[in-house]
>>> print(open('input-v8.csv').read())   # CSV, C-alpha atoms
chain,number,residue,atom,x,y,z
N,1,MET,CA,-11.6,86.8,65.0
N,2,GLY,CA,-11.9,84.2,62.2
N,3,ILE,CA,-12.4,84.7,58.5
N,4,LEU,CA,-16.0,85.2,57.5
N,5,GLY,CA,-17.6,81.9,56.8
N,6,ASP,CA,-14.7,79.7,58.0
N,7,ASN,CA,-17.3,77.7,60.1
N,8,ILE,CA,-19.6,77.1,57.1
N,9,LYS,CA,-19.2,73.9,55.0
N,10,LYS,CA,-18.8,74.3,51.2
N,11,LEU,CA,-22.3,73.1,50.1
N,12,GLY,CA,-25.1,75.6,50.5
N,13,PHE,CA,-28.8,74.8,50.0
N,14,GLY,CA,-30.2,77.2,47.4
N,15,LEU,CA,-33.9,77.6,47.8
N,16,MET,CA,-34.9,79.0,44.4
N,17,ARG,CA,-35.9,75.7,42.7
N,18,LEU,CA,-37.7,73.8,45.5
N,19,PRO,CA,-39.7,70.7,44.6
N,20,GLN,CA,-43.3,71.3,43.6
N,21,THR,CA,-46.4,69.2,43.3
N,22,ASN,CA,-49.2,70.6,41.1
N,23,GLY,CA,-47.5,73.9,41.0
N,24,VAL,CA,-47.2,74.2,44.8
N,25,ILE,CA,-44.0,73.8,46.8
N,26,ASP,CA,-43.9,70.3,48.3
N,27,ILE,CA,-43.2,71.1,52.0
N,28,GLU,CA,-42.9,67.5,53.1
N,29,GLN,CA,-40.2,66.8,50.5
N,30,VAL,CA,-38.4,70.0,51.5
N,31,LYS,CA,-38.5,68.9,55.1
N,32,GLN,CA,-36.9,65.6,54.1
N,33,MET,CA,-34.2,67.4,52.1
N,34,VAL,CA,-33.5,69.8,55.0
N,35,ASP,CA,-33.2,66.9,57.4
N,36,LEU,CA,-30.7,65.1,55.2
N,37,TYR,CA,-28.7,68.3,54.7
N,38,MET,CA,-28.6,69.1,58.4
N,39,GLN,CA,-27.7,65.6,59.4
N,40,ALA,CA,-24.8,65.7,57.1
N,41,GLY,CA,-23.4,68.7,58.9
N,42,PHE,CA,-24.3,71.4,56.4
N,43,THR,CA,-26.0,74.6,57.6
N,44,TYR,CA,-26.2,77.4,55.0
N,45,PHE,CA,-29.6,78.1,53.4
N,46,ASP,CA,-30.2,80.8,50.7
N,47,THR,CA,-33.6,82.2,49.9
N,48,ALA,CA,-34.9,85.6,48.7
N,49,TRP,CA,-38.0,87.8,48.9
N,50,ALA,CA,-38.3,87.4,45.1
N,51,TYR,CA,-38.4,83.5,45.2
N,52,ALA,CA,-42.2,82.9,45.3
N,53,GLY,CA,-43.1,80.8,48.3
N,54,SER,CA,-39.5,80.0,49.3
N,55,GLU,CA,-39.3,82.1,52.5
N,56,ASP,CA,-42.5,80.6,53.8
N,57,ALA,CA,-41.4,77.1,52.9
N,58,ILE,CA,-38.1,77.4,54.7
N,59,ARG,CA,-40.0,78.7,57.8
N,60,GLN,CA,-42.0,75.5,57.9
N,61,ALA,CA,-39.2,73.1,56.9
N,62,LEU,CA,-36.3,74.6,58.8
N,63,VAL,CA,-36.9,77.6,61.1
N,64,ALA,CA,-39.9,76.0,62.9
N,65,ARG,CA,-38.1,72.7,63.4
N,66,TYR,CA,-34.4,73.4,64.3
N,67,PRO,CA,-32.7,75.7,66.9
N,68,ARG,CA,-32.1,79.1,65.4
N,69,GLU,CA,-28.4,79.0,66.2
N,70,SER,CA,-27.9,75.7,64.4
N,71,PHE,CA,-28.1,77.1,60.8
N,72,GLN,CA,-27.3,80.2,58.8
N,73,LEU,CA,-30.1,81.8,56.8
N,74,ALA,CA,-29.6,84.2,53.9
N,75,THR,CA,-32.2,86.2,52.0
N,76,LYS,CA,-32.2,89.1,49.6
N,77,ASN,CA,-33.7,92.5,48.9
N,78,ALA,CA,-34.7,93.2,45.2
N,79,ALA,CA,-35.4,97.0,45.4
N,80,TRP,CA,-35.6,97.1,41.6
N,81,ILE,CA,-38.7,94.9,41.5
N,82,ASP,CA,-41.9,97.0,41.7
N,83,CYS,CA,-40.6,99.5,44.2
N,84,LYS,CA,-41.5,103.1,43.6
N,85,THR,CA,-40.3,104.4,46.9
N,86,ALA,CA,-37.6,103.7,49.5
N,87,GLU,CA,-40.3,102.6,51.9
N,88,GLU,CA,-41.5,99.9,49.5
N,89,ALA,CA,-37.9,98.7,49.2
N,90,TYR,CA,-37.4,98.6,53.0
N,91,ALA,CA,-40.7,96.8,53.4
N,92,GLN,CA,-39.3,93.8,51.6
N,93,PHE,CA,-37.1,93.2,54.7
N,94,ASP,CA,-40.1,93.2,57.1
N,95,ILE,CA,-41.9,90.8,54.7
N,96,SER,CA,-38.9,88.5,54.7
N,97,LEU,CA,-38.6,88.5,58.5
N,98,ARG,CA,-42.3,87.7,58.8
N,99,GLN,CA,-42.3,85.0,56.1
N,100,THR,CA,-39.2,83.2,57.4
N,101,GLY,CA,-40.0,83.8,61.1
N,102,ALA,CA,-36.2,83.8,61.5
N,103,GLY,CA,-35.9,86.8,63.9
N,104,TYR,CA,-32.7,87.9,62.1
N,105,PHE,CA,-30.7,87.0,59.0
N,106,ASP,CA,-27.2,85.7,59.2
N,107,PHE,CA,-26.5,87.0,55.7
N,108,TYR,CA,-28.5,89.7,53.9
N,109,LEU,CA,-27.9,90.6,50.3
N,110,LEU,CA,-28.8,93.5,48.0
N,111,HIS,CA,-30.1,91.3,45.2
N,112,ASN,CA,-28.8,91.2,41.6
N,113,LEU,CA,-26.8,94.4,41.4
N,114,GLY,CA,-25.5,95.5,38.0
N,115,GLU,CA,-26.6,97.4,35.0
N,116,GLY,CA,-29.7,99.6,35.6
N,117,ARG,CA,-30.6,97.7,38.8
N,118,THR,CA,-28.0,99.2,41.0
N,119,LYS,CA,-29.6,102.7,40.6
N,120,TYR,CA,-32.5,101.7,42.9
N,121,PHE,CA,-30.2,100.8,45.7
N,122,ASP,CA,-28.4,104.1,45.3
N,123,ASP,CA,-31.6,106.2,45.0
N,124,TYR,CA,-33.2,104.6,48.1
N,125,ASP,CA,-29.9,104.8,50.1
N,126,MET,CA,-30.1,101.0,50.7
N,127,TRP,CA,-26.4,100.9,51.5
N,128,ASN,CA,-26.8,102.9,54.7
N,129,TRP,CA,-30.2,101.5,55.5
N,130,VAL,CA,-28.9,97.9,55.5
N,131,GLN,CA,-26.1,98.9,57.9
N,132,GLU,CA,-28.7,100.3,60.2
N,133,GLN,CA,-30.4,96.9,60.3
N,134,LYS,CA,-27.1,95.3,61.0
N,135,ALA,CA,-26.5,97.7,63.9
N,136,ALA,CA,-30.0,96.8,65.2
N,137,GLY,CA,-29.0,93.2,65.4
N,138,LEU,CA,-31.4,92.1,62.6
N,139,ILE,CA,-28.6,91.2,60.2
N,140,LYS,CA,-25.2,89.7,61.0
N,141,HIS,CA,-23.4,90.1,57.6
N,142,VAL,CA,-24.2,92.3,54.6
N,143,GLY,CA,-23.2,91.8,51.0
N,144,PHE,CA,-24.7,91.7,47.5
N,145,SER,CA,-25.3,89.4,44.6
N,146,PHE,CA,-24.1,90.5,41.2
N,147,HIS,CA,-24.7,89.8,37.5
N,148,SER,CA,-22.7,92.2,35.3
N,149,THR,CA,-19.2,93.1,34.2
N,150,PRO,CA,-16.0,92.9,36.2
N,151,GLU,CA,-15.5,96.7,35.5
N,152,GLU,CA,-18.8,97.4,37.2
N,153,LEU,CA,-18.0,95.1,40.1
N,154,GLU,CA,-14.7,97.0,40.6
N,155,LYS,CA,-16.6,100.3,40.8
N,156,LEU,CA,-19.1,98.9,43.3
N,157,LEU,CA,-16.5,97.5,45.6
N,158,GLN,CA,-14.5,100.7,45.5
N,159,ALA,CA,-17.6,102.7,46.4
N,160,HIS,CA,-18.8,100.3,49.1
N,161,PRO,CA,-15.8,98.7,50.9
N,162,GLU,CA,-18.2,98.1,53.9
N,163,MET,CA,-19.7,95.2,52.0
N,164,GLU,CA,-18.5,92.0,53.7
N,165,PHE,CA,-19.0,89.5,50.8
N,166,VAL,CA,-20.1,89.1,47.2
N,167,GLN,CA,-22.3,86.4,45.6
N,168,LEU,CA,-21.2,85.6,42.0
N,169,GLN,CA,-22.2,83.3,39.2
N,170,ILE,CA,-19.3,80.9,38.8
N,171,ASN,CA,-19.0,77.6,37.1
N,172,TYR,CA,-16.5,75.9,34.8
N,173,ALA,CA,-18.6,76.6,31.7
N,174,ASP,CA,-18.8,80.4,32.4
N,175,TRP,CA,-15.2,80.7,33.7
N,176,GLU,CA,-14.0,82.3,30.4
N,177,ASN,CA,-17.4,83.0,28.9
N,178,PRO,CA,-17.3,86.6,27.6
N,179,ALA,CA,-21.0,87.1,28.4
N,180,VAL,CA,-20.5,86.2,32.1
N,181,GLN,CA,-16.8,86.6,32.8
N,182,SER,CA,-16.8,84.4,35.9
N,183,ARG,CA,-13.1,84.3,36.3
N,184,ARG,CA,-12.6,88.1,36.0
N,185,CYS,CA,-15.4,88.9,38.4
N,186,TYR,CA,-13.9,86.3,40.8
N,187,GLU,CA,-10.5,88.0,40.5
N,188,VAL,CA,-11.9,91.4,41.2
N,189,ALA,CA,-13.7,90.3,44.3
N,190,ARG,CA,-10.5,88.5,45.6
N,191,ALA,CA,-8.4,91.6,44.8
N,192,HIS,CA,-10.7,93.5,47.2
N,193,ASN,CA,-10.2,90.7,49.7
N,194,LYS,CA,-13.9,89.8,49.7
N,195,PRO,CA,-15.0,86.3,50.4
N,196,ILE,CA,-17.4,84.8,47.8
N,197,ILE,CA,-20.6,82.9,47.9
N,198,ILE,CA,-21.0,81.0,44.6
N,199,MET,CA,-24.4,80.8,42.8
N,200,GLU,CA,-25.2,78.8,39.6
N,201,PRO,CA,-22.3,76.3,39.9
N,202,VAL,CA,-24.4,73.9,37.8
N,203,LYS,CA,-25.6,76.7,35.5
N,204,GLY,CA,-29.3,76.3,36.3
N,205,GLY,CA,-29.0,72.5,35.9
N,206,MET,CA,-27.3,72.7,32.5
N,207,LEU,CA,-24.0,71.2,33.7
N,208,ALA,CA,-26.0,68.3,35.2
N,209,THR,CA,-26.6,67.3,31.6
N,210,PRO,CA,-23.7,68.8,29.6
N,211,PRO,CA,-22.9,67.9,26.0
N,212,GLN,CA,-22.1,64.2,25.5
N,213,SER,CA,-18.5,65.0,24.6
N,214,VAL,CA,-18.1,66.5,28.1
N,215,VAL,CA,-19.9,63.6,29.8
N,216,ASP,CA,-17.5,61.2,28.2
N,217,ILE,CA,-14.5,63.0,29.7
N,218,LEU,CA,-15.9,63.2,33.1
N,219,GLN,CA,-17.1,59.6,33.2
N,220,ALA,CA,-13.8,58.2,31.9
N,221,ALA,CA,-12.1,59.8,34.9
N,222,GLU,CA,-14.7,58.9,37.6
N,223,PRO,CA,-17.6,56.7,36.4
N,224,GLN,CA,-19.3,57.0,39.8
N,225,THR,CA,-19.3,60.8,39.9
N,226,SER,CA,-22.2,62.7,38.4
N,227,PRO,CA,-21.6,65.7,36.0
N,228,ALA,CA,-23.4,67.9,38.6
N,229,ALA,CA,-20.9,66.8,41.3
N,230,TRP,CA,-18.0,67.7,39.1
N,231,ALA,CA,-19.5,71.2,38.6
N,232,ILE,CA,-20.0,71.8,42.3
N,233,ARG,CA,-16.5,70.6,43.2
N,234,PHE,CA,-15.0,73.0,40.6
N,235,ALA,CA,-16.6,75.9,42.4
N,236,ALA,CA,-15.8,74.7,45.9
N,237,ASP,CA,-12.2,74.2,45.0
N,238,LEU,CA,-11.6,78.0,44.5
N,239,ASP,CA,-9.9,80.0,47.2
N,240,GLY,CA,-11.9,82.5,49.3
N,241,VAL,CA,-15.2,80.7,48.9
N,242,ILE,CA,-17.6,80.7,51.8
N,243,THR,CA,-20.0,78.2,50.3
N,244,VAL,CA,-21.4,76.9,46.9
N,245,LEU,CA,-25.1,77.2,46.5
N,246,SER,CA,-26.8,74.3,44.8
N,247,GLY,CA,-30.5,74.8,43.8
N,248,MET,CA,-31.6,71.3,44.6
N,249,SER,CA,-35.1,70.4,43.5
N,250,ASN,CA,-35.6,66.8,44.8
N,251,LEU,CA,-34.3,64.3,47.2
N,252,ALA,CA,-32.1,62.6,44.6
N,253,GLN,CA,-30.2,65.8,43.8
N,254,MET,CA,-29.7,66.4,47.6
N,255,GLN,CA,-28.3,62.9,48.0
N,256,ASP,CA,-26.0,63.2,45.1
N,257,ASN,CA,-24.7,66.6,46.3
N,258,LEU,CA,-24.2,65.4,49.8
N,259,ALA,CA,-22.3,62.3,48.5
N,260,CYS,CA,-19.8,64.5,46.6
N,261,MET,CA,-19.4,67.2,49.2
N,262,ARG,CA,-19.6,65.5,52.6
N,263,ASP,CA,-15.9,64.9,52.8
N,264,PHE,CA,-14.7,67.4,50.2
N,265,HIS,CA,-11.2,68.7,50.9
N,266,GLY,CA,-10.3,70.1,47.5
N,267,LEU,CA,-9.7,68.7,44.0
N,268,THR,CA,-6.6,66.8,43.2
N,269,ALA,CA,-4.3,67.9,40.4
N,270,ASP,CA,-5.6,65.1,38.2
N,271,GLN,CA,-9.2,66.2,38.8
N,272,ARG,CA,-8.4,69.8,37.9
N,273,GLN,CA,-6.9,68.5,34.7
N,274,VAL,CA,-10.1,66.6,33.9
N,275,LEU,CA,-12.1,69.7,34.3
N,276,GLN,CA,-9.7,71.7,32.1
N,277,LYS,CA,-10.2,69.1,29.4
N,278,ALA,CA,-14.0,69.5,29.8
N,279,GLN,CA,-13.6,73.3,29.5
N,280,GLU,CA,-11.5,72.9,26.3
N,281,VAL,CA,-14.1,70.6,24.7
N,282,LEU,CA,-16.8,73.2,25.5
N,283,SER,CA,-14.7,75.9,24.1
N,284,HIS,CA,-14.5,74.1,20.7
N,285,ILE,CA,-18.2,73.6,20.3
N,286,PRO,CA,-19.1,76.0,17.4
N,287,LEU,CA,-20.8,78.9,19.0
N,288,ILE,CA,-21.6,82.4,17.8
N,289,PRO,CA,-18.4,84.3,18.8
N,290,CYS,CA,-20.2,87.2,20.4
N,291,THR,CA,-18.3,89.0,23.2
N,292,SER,CA,-21.2,91.1,24.3
N,293,CYS,CA,-19.4,94.3,23.5
N,294,ASN,CA,-22.7,95.6,22.3
N,295,TYR,CA,-21.3,97.9,19.6
N,296,CYS,CA,-24.0,96.5,17.4
N,297,ALA,CA,-26.7,97.7,19.8
N,298,LYS,CA,-25.4,101.3,19.6
N,299,VAL,CA,-26.2,101.4,15.8
N,300,CYS,CA,-29.2,99.1,15.5
N,301,PRO,CA,-32.3,101.2,14.4
N,302,MET,CA,-34.7,98.6,15.7
N,303,GLN,CA,-33.1,98.1,19.1
N,304,ILE,CA,-32.8,94.3,18.6
N,305,GLY,CA,-31.3,92.5,21.6
N,306,ILE,CA,-28.5,91.1,19.5
N,307,SER,CA,-26.0,89.9,22.2
N,308,GLY,CA,-28.7,88.6,24.4
N,309,SER,CA,-30.2,86.6,21.5
N,310,PHE,CA,-26.8,85.1,20.7
N,311,THR,CA,-26.1,84.2,24.3
N,312,ALA,CA,-29.5,82.4,24.4
N,313,MET,CA,-28.7,80.6,21.1
N,314,ASN,CA,-25.4,79.5,22.4
N,315,TYR,CA,-27.2,78.0,25.4
N,316,LEU,CA,-29.3,76.0,23.0
N,317,THR,CA,-26.3,74.8,21.0
N,318,LEU,CA,-24.4,73.8,24.1
N,319,TYR,CA,-27.1,72.1,26.2
N,320,GLY,CA,-29.9,71.4,23.9
N,321,ASN,CA,-32.4,72.8,26.4
N,322,LYS,CA,-34.8,75.0,24.5
N,323,GLU,CA,-36.8,76.0,27.6
N,324,MET,CA,-33.7,77.3,29.4
N,325,ALA,CA,-32.5,79.0,26.2
N,326,ARG,CA,-35.9,80.7,25.8
N,327,SER,CA,-35.8,81.8,29.4
N,328,GLN,CA,-32.4,83.4,28.8
N,329,GLU,CA,-33.7,85.2,25.7
N,330,GLY,CA,-36.7,86.5,27.6
N,331,TRP,CA,-34.4,87.9,30.3
N,332,LEU,CA,-31.5,89.3,28.2
N,333,VAL,CA,-33.7,90.7,25.4
N,334,GLY,CA,-37.3,91.5,26.5
N,335,ARG,CA,-36.6,92.2,30.2
N,336,HIS,CA,-33.8,94.5,29.2
N,337,GLY,CA,-36.0,96.5,26.9
N,338,PHE,CA,-34.8,95.1,23.6
N,339,LYS,CA,-36.8,93.7,20.7
N,340,PRO,CA,-36.6,90.0,19.6
N,341,ALA,CA,-34.5,88.7,16.7
N,342,ASN,CA,-37.5,88.3,14.4
N,343,GLU,CA,-38.0,92.1,14.2
N,344,CYS,CA,-34.6,92.5,12.5
N,345,ILE,CA,-34.9,94.5,9.2
N,346,LYS,CA,-31.6,93.3,7.9
N,347,CYS,CA,-30.1,96.7,7.3
N,348,GLY,CA,-26.6,95.4,8.1
N,349,ARG,CA,-25.4,98.4,10.2
N,350,CYS,CA,-24.7,96.0,13.1
N,351,GLU,CA,-22.3,94.0,10.9
N,352,GLU,CA,-20.3,97.1,10.0
N,353,ALA,CA,-19.9,97.8,13.8
N,354,CYS,CA,-19.0,94.3,14.9
N,355,PRO,CA,-15.3,93.8,15.8
N,356,GLN,CA,-15.8,90.0,15.7
N,357,HIS,CA,-17.0,90.1,12.1
N,358,ILE,CA,-20.1,88.0,12.9
N,359,ALA,CA,-22.7,87.4,10.3
N,360,ILE,CA,-25.2,89.0,12.6
N,361,ARG,CA,-28.2,89.0,10.2
N,362,ASP,CA,-27.8,85.3,9.4
N,363,ASN,CA,-27.5,84.4,13.0
N,364,LEU,CA,-30.5,86.5,14.1
N,365,ALA,CA,-32.4,84.6,11.4
N,366,LYS,CA,-31.2,81.3,13.0
N,367,VAL,CA,-32.4,82.5,16.4
N,368,SER,CA,-35.8,83.3,14.9
N,369,SER,CA,-36.2,79.9,13.2
N,370,GLU,CA,-34.7,77.7,15.9
N,371,LEU,CA,-35.4,79.4,19.2
N,372,LEU,CA,-38.4,81.7,18.8
N,373,VAL,CA,-40.7,79.2,17.1
>>> encode(input="input-v8.csv", output="structure tokens")
Amino acid sequence: MGILGDNIKKLGFGLMRLPQTNGVIDIEQVKQMVDLYMQAGFTYFDTAWAYAGSEDAIRQALVARYPRESFQLATKNAAWIDCKTAEEAYAQFDISLRQTGAGYFDFYLLHNLGEGRTKYFDDYDMWNWVQEQKAAGLIKHVGFSFHSTPEELEKLLQAHPEMEFVQLQINYADWENPAVQSRRCYEVARAHNKPIIIMEPVKGGMLATPPQSVVDILQAAEPQTSPAAWAIRFAADLDGVITVLSGMSNLAQMQDNLACMRDFHGLTADQRQVLQKAQEVLSHIPLIPCTSCNYCAKVCPMQIGISGSFTAMNYLTLYGNKEMARSQEGWLVGRHGFKPANECIKCGRCEEACPQHIAIRDNLAKVSSELLV
């Protein structure tokens, strides 16, 4: 019996950011992307119940046009989204089967575990339920995607050794990022001997257009290789990786990804050194030195989302992408039940609690003036 995923090539097609025309997924372009991808020998497709229109699009572009055994299809269950009962959570699976028309899923994930979201999977006994679907032949392999701390990942894998794989956010920018802790989460998964599917290797597209100082390093080494290709290869070079998901949004991105991954057999020592230089440059860009310990949150009388605001501000500083930075702020602050930076009353209690001695009030004012306007 082989290692899970040893027959899967290292570039996966992430279906979260499919091309759109006038706000509607462009099925014809998706078909062209699927054809290029399959012709190049790649076979792993990743969608989710929560990705609006994605499951239906892949039914039309892939499932209806290729033999079922010629590809692997993964989808996910987000029990924490609008589910008040176990039955509503289980129904997501039936909807996914219907929308994809796939008959079964090669990989099925409990979606976005971590923080308060894990509770829904526990309360609805999703761990046992998903094993029942596997026993019924509707799922081949069961795992979960995860966005939280390595300590929480350790507890989950101790509690659920039956999980066959873990999907983690890993990229060279987040490898040592204290807010994401890619390296430590990777090491926890490997310590439990779990193979890994990598998501966000290009950090939502940000590493396709990194700071110019990083671009200069990458282009000096390989003028013909795109920054996105460097990011994908960093992730694919790690041990124990089943595949690296790239959320390709057009034919050009597909062609670029295929060019760099078609014959990928690992990075050379020189290429790893180039990426280390890029990481060093990123690490010296002046950021708010927040480690997301959240001691400040414990004492803030206004429940300001301080660490989330700073993570979003650091996105803006690093990548100059205000839309993505605002999206991060919306998720890490508002969607986590915190208030925005502009509601700070400047009492200073946060600064007394901060072990990094950050000028929190000044930086929240900066978030308000540069990000929230």
>>> residues_around(input="input-v8.csv", residues="Gly205 of chain N", least_positions_apart="4", cutoff="10 Å", atoms="all atoms listed in the file", output="PyMOL selection string")
chain N and resi 200-201+209-210+228+231+246-249+319+324
>>> closest_residue(input="input-v8.csv", among="N:Ser368, N:Asp256, N:Ile3, N:Val299", to="Gly348 of chain N", atoms="all atoms listed in the file")
N:Val299
>>> atom_distance(input="input-v8.csv", atom1="atom CA of Leu316 of chain N", atom2="atom CA of Ile285 of chain N")
11.7 Å
>>> closest_residue(input="input-v8.csv", among="N:Thr43, N:Pro19, N:Glu152, N:Lys366", to="Arg68 of chain N", atoms="only C-alpha atoms")
N:Thr43
>>> atom_distance(input="input-v8.csv", atom1="atom CA of Leu109 of chain N", atom2="atom CA of Asp174 of chain N")
22.5 Å
>>> residues_near_point(input="input-v8.csv", point="(-30.6, 89.9, 26.3)", cutoff="7 Å", atoms="all atoms listed in the file", output="PDB file with C-alpha atoms, in the frame of the given file")
ATOM      1  CA  GLY N 305     -31.300  92.500  21.600  1.00  0.00           C
ATOM      2  CA  SER N 307     -26.000  89.900  22.200  1.00  0.00           C
ATOM      3  CA  GLY N 308     -28.700  88.600  24.400  1.00  0.00           C
ATOM      4  CA  SER N 309     -30.200  86.600  21.500  1.00  0.00           C
ATOM      5  CA  GLU N 329     -33.700  85.200  25.700  1.00  0.00           C
ATOM      6  CA  TRP N 331     -34.400  87.900  30.300  1.00  0.00           C
ATOM      7  CA  LEU N 332     -31.500  89.300  28.200  1.00  0.00           C
ATOM      8  CA  VAL N 333     -33.700  90.700  25.400  1.00  0.00           C
ATOM      9  CA  GLY N 334     -37.300  91.500  26.500  1.00  0.00           C
ATOM     10  CA  HIS N 336     -33.800  94.500  29.200  1.00  0.00           C
TER      11      HIS N 336
END
>>> atom_distance(input="input-v8.csv", atom1="atom CA of Asn321 of chain N", atom2="atom CA of Lys203 of chain N")
12.0 Å
>>> residues_around(input="input-v8.csv", residues="Leu364 of chain N", least_positions_apart="5", cutoff="9 Å", atoms="all atoms listed in the file", output="JSON, numbers by chain")
{"N": [306, 309, 310, 340, 341, 342, 344, 359, 369]}
>>> residues_near_point(input="input-v8.csv", point="(-17.1, 86.5, 32.0)", cutoff="12 Å", atoms="all atoms listed in the file", output="ChimeraX atom specification")
/N:147-151,153,168-188,291-293
>>> residues_around(input="input-v8.csv", residues="segment 26-36 of chain N", least_positions_apart="2", cutoff="9 Å", atoms="all atoms listed in the file", output="short mmCIF file (atom, residue, chain, number, x, y, z; two decimals) with C-alpha atoms, in the coordinates of the input")
data_model
loop_
_atom_site.label_atom_id
_atom_site.label_comp_id
_atom_site.auth_asym_id
_atom_site.auth_seq_id
_atom_site.Cartn_x
_atom_site.Cartn_y
_atom_site.Cartn_z
CA PHE N 13 -28.80 74.80 50.00
CA LEU N 18 -37.70 73.80 45.50
CA PRO N 19 -39.70 70.70 44.60
CA GLN N 20 -43.30 71.30 43.60
CA THR N 21 -46.40 69.20 43.30
CA ASN N 22 -49.20 70.60 41.10
CA GLY N 23 -47.50 73.90 41.00
CA VAL N 24 -47.20 74.20 44.80
CA MET N 38 -28.60 69.10 58.40
CA GLN N 39 -27.70 65.60 59.40
CA ALA N 40 -24.80 65.70 57.10
CA GLY N 41 -23.40 68.70 58.90
CA ALA N 57 -41.40 77.10 52.90
CA ILE N 58 -38.10 77.40 54.70
CA GLN N 60 -42.00 75.50 57.90
CA ALA N 61 -39.20 73.10 56.90
CA LEU N 62 -36.30 74.60 58.80
CA MET N 248 -31.60 71.30 44.60
CA SER N 249 -35.10 70.40 43.50
CA ASN N 250 -35.60 66.80 44.80
CA LEU N 251 -34.30 64.30 47.20
CA MET N 254 -29.70 66.40 47.60
CA GLN N 255 -28.30 62.90 48.00
CA LEU N 258 -24.20 65.40 49.80
#
>>> closest_residue(input="input-v8.csv", among="N:Gly330, N:Gly103, N:Gly204, N:Gly337", to="Val63 of chain N", atoms="only C-alpha atoms")
N:Gly103
>>> axis_aligned_box(input="input-v8.csv", around="segment 322-335 of chain N", padding_each_side="5 Å", output="lines of an AutoDock Vina configuration file")
center_x = -34.4
center_y = 83.6
center_z = 27.4
size_x = 15.8
size_y = 27.2
size_z = 15.8
>>> residues_around(input="input-v8.csv", residues="Phe107 of chain N", least_positions_apart="5", cutoff="8 Å", atoms="only C-alpha atoms", output="number ranges by chain")
N: 72-75, 139-143
>>> residues_around(input="input-v8.csv", residues="Ala91 of chain N", least_positions_apart="6", cutoff="12 Å", atoms="all atoms listed in the file", output="number ranges by chain")
N: 49, 77-79, 82-85, 97-98, 126, 129
>>> closest_residue(input="input-v8.csv", among="N:Tyr66, N:Met261, N:Gln133, N:Asp237", to="Asp94 of chain N", atoms="only C-alpha atoms")
N:Gln133
>>> decode(input="input-v8.csv", residues="segment 83-103 of chain N", atoms="C-alpha atoms", output="mmCIF file, in the first residue's frame")
data_model
loop_
_atom_site.group_PDB
_atom_site.id
_atom_site.type_symbol
_atom_site.label_atom_id
_atom_site.label_comp_id
_atom_site.auth_asym_id
_atom_site.auth_seq_id
_atom_site.Cartn_x
_atom_site.Cartn_y
_atom_site.Cartn_z
ATOM 1 C CA CYS N 83 -25.979 25.472 10.555
ATOM 2 C CA LYS N 84 -28.228 25.313 13.610
ATOM 3 C CA THR N 85 -28.541 21.504 13.662
ATOM 4 C CA ALA N 86 -26.480 18.458 12.780
ATOM 5 C CA GLU N 87 -28.919 17.682 9.980
ATOM 6 C CA GLU N 88 -28.222 21.046 8.351
ATOM 7 C CA ALA N 89 -24.492 20.351 8.531
ATOM 8 C CA TYR N 90 -24.897 16.862 7.060
ATOM 9 C CA ALA N 91 -27.062 18.301 4.273
ATOM 10 C CA GLN N 92 -24.040 20.212 2.942
ATOM 11 C CA PHE N 93 -22.613 16.855 1.857
ATOM 12 C CA ASP N 94 -25.731 15.951 -0.121
ATOM 13 C CA ILE N 95 -25.733 19.392 -1.744
ATOM 14 C CA SER N 96 -22.087 18.941 -2.730
ATOM 15 C CA LEU N 97 -22.799 15.532 -4.256
ATOM 16 C CA ARG N 98 -25.675 17.000 -6.240
ATOM 17 C CA GLN N 99 -23.856 20.141 -7.353
ATOM 18 C CA THR N 100 -20.707 18.317 -8.483
ATOM 19 C CA GLY N 101 -22.419 15.211 -9.836
ATOM 20 C CA ALA N 102 -19.249 13.386 -8.816
ATOM 21 C CA GLY N 103 -20.854 10.329 -7.178
#
